[in-house]
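Data from work-v9.csv: CSV, C-alpha atoms
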chain,number,residue,atom,x,y,z
A,21,MET,CA,187.7,345.3,112.0
A,22,ILE,CA,190.6,347.8,111.9
A,23,GLU,CA,191.2,349.8,108.8
A,24,GLY,CA,194.5,351.4,107.9
A,25,THR,CA,197.5,351.8,105.6
A,26,ILE,CA,200.7,349.8,105.8
A,27,THR,CA,203.5,352.2,106.6
A,28,ARG,CA,206.4,349.9,107.4
A,29,PHE,CA,207.6,346.3,107.5
A,30,LEU,CA,209.4,345.2,110.6
A,31,LEU,CA,209.8,341.6,109.4
A,32,LYS,CA,208.7,340.0,106.1
A,33,THR,CA,208.9,336.5,104.7
A,34,GLU,CA,206.9,334.9,101.9
A,35,THR,CA,204.0,334.1,104.2
A,36,PHE,CA,204.5,336.0,107.5
A,37,ALA,CA,205.0,339.7,108.3
A,38,VAL,CA,205.1,342.1,111.2
A,39,ILE,CA,203.9,345.5,110.0
A,40,ILE,CA,203.0,348.9,111.2
A,41,ILE,CA,199.5,350.0,110.2
A,42,LYS,CA,198.5,353.7,110.3
A,43,THR,CA,194.9,354.0,111.5
A,44,PRO,CA,192.8,357.1,112.3
A,45,SER,CA,193.5,356.5,116.0
A,46,GLY,CA,197.3,355.9,115.7
A,47,ASP,CA,199.8,353.4,114.5
A,48,ILE,CA,199.5,349.8,115.5
A,49,LYS,CA,201.9,346.8,115.2
A,50,ALA,CA,200.2,343.8,113.5
A,51,LEU,CA,201.6,340.3,112.9
A,52,GLY,CA,200.2,337.5,110.9
A,53,ASP,CA,200.2,335.3,107.9
A,54,PHE,CA,200.3,338.0,105.2
A,55,CYS,CA,201.3,337.5,101.6
A,56,ASN,CA,201.4,339.8,98.6
A,57,ILE,CA,201.2,343.0,100.5
A,58,SER,CA,203.2,346.2,100.1
A,59,GLU,CA,203.8,349.5,101.9
A,60,GLY,CA,201.1,352.0,101.1
A,61,GLU,CA,198.3,349.5,100.7
A,62,GLN,CA,195.1,349.8,102.6
A,63,LEU,CA,194.1,346.8,104.7
A,64,LEU,CA,191.2,345.7,106.9
A,65,VAL,CA,192.4,343.5,109.7
A,66,LYS,CA,190.8,341.5,112.5
A,67,GLY,CA,192.6,339.7,115.4
A,68,ILE,CA,193.4,339.5,119.0
A,69,TRP,CA,195.5,342.0,121.0
A,70,GLN,CA,198.5,340.6,122.8
A,71,GLU,CA,201.1,342.1,125.1
A,72,HIS,CA,204.6,341.1,124.2
A,73,PRO,CA,207.1,341.5,127.1
A,74,LYS,CA,209.7,343.1,124.9
A,75,HIS,CA,207.7,344.6,122.0
A,76,GLY,CA,204.6,345.8,123.8
A,77,PRO,CA,201.0,345.6,122.4
A,78,GLN,CA,200.5,344.0,119.0
A,79,LEU,CA,197.6,342.7,117.1
A,80,ARG,CA,197.8,339.0,116.2
A,81,VAL,CA,195.9,339.1,112.9
A,82,HIS,CA,193.5,336.1,112.1
A,83,TYR,CA,191.7,337.7,109.2
A,84,TRP,CA,192.8,340.4,106.7
A,85,GLU,CA,191.8,341.7,103.3
A,86,LYS,CA,193.0,344.4,100.9
A,87,GLU,CA,190.7,347.3,100.4
A,88,ILE,CA,189.5,347.7,96.9
A,89,PRO,CA,190.0,351.4,95.7
A,90,SER,CA,186.7,353.2,95.2
A,91,THR,CA,188.0,354.6,91.9
A,92,ILE,CA,190.3,353.0,89.5
A,93,TYR,CA,192.2,355.0,86.9
A,94,LEU,CA,192.3,353.3,83.5
A,95,PRO,CA,194.2,355.4,81.0
A,96,PHE,CA,192.9,355.5,77.4
A,97,HIS,CA,195.3,354.8,74.6

Let me see the file written as structure tokens.
Amino acid sequence: MIEGTITRFLLKTETFAVIIIKTPSGDIKALGDFCNISEGEQLLVKGIWQEHPKHGPQLRVHYWEKEIPSTIYLPFH
């Protein structure tokens, strides 16, 4: 599994996206059937590396999940 933060969308539809994920070892391009994701969110992704002739290496994601924050701020009223 690769863990990282979504830094940019290169393409986004309701059910598919090409995204840039910042990881501890560098940025990666990932594409897959993503929905309800936003820039700045943490993801865990799993997939197969592919070499695109024009766009270079990219991860074809087969499984992903949003990371749940370790702390949640709930303001008191």

**Message:** Between atom CA of Thr33 of chain A and atom CA of Gly46 of chain A, what is the distance in Å, rounded to a tenth?
**Reply:**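 Straight-line distance from atom CA of Thr33 of chain A to atom CA of Gly46 of chain A works out to 25.1 Å.
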
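Compared by their closest atoms to Glu71 of chain A, and using only C-alpha atoms, the residues A:Leu30, A:Thr25, A:Pro95, A:Lys49 rank with A:Lys49 nearest.
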
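Atom CA of Asn56 of chain A is found 26.1 Å from atom CA of Gly76 of chain A.
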
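Excluding Glu34 of chain A and any residue on its chain fewer than 3 positions from it, the residues at most 12 Å away by all atoms listed in the file are Leu31, Ala37, Val38, Gly52, Asp53, Phe54, Cys55, Asn56 and Ile57 of chain A.
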
**Prompt:** In Å, how far is it from atom CA of Lys74 of chain A to atom CA of Lys86 of chain A?
**Reply:**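 Spanning atom CA of Lys74 of chain A to atom CA of Lys86 of chain A is a straight-line distance of 29.3 Å.
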
**Prompt:** Could you name the residues that touch Arg80 of chain A at 9 Å or less, counting all atoms listed in the file, but leaving out those on the same chain fewer than 3 positions away, as a VMD selection string?
**Reply:** chain A and resid 49 to 52 66 to 70

**Request:** Using only C-alpha atoms, determine which residues lie at most 10 Å from Ile88 of chain A, disregarding the query and same-chain residues fewer than 6 positions distant; provide the list as a count of residues only.
**Result:** 3

**Message:** I need the residue nearest Gly60 of chain A from this list: A:His82, A:Lys42, A:Lys32, A:His72. Use all atoms listed in the file for the distance.
**Reply:** A:Lys42

**Prompt:** Looking at only C-alpha atoms, which of A:Pro73, A:Gln78, A:Gly24, A:Ser58 is the one that sits closest to Ser45 of chain A?
**Reply:** A:Gly24

**Request:** Return the single residue from A:Met21, A:Ile40, A:Val81, A:Ile26 that is closest to Glu59 of chain A, with distances computed using all atoms listed in the file.
**Result:**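 Nearest candidate to Glu59 of chain A out of A:Met21, A:Ile40, A:Val81, A:Ile26: A:Ile26.
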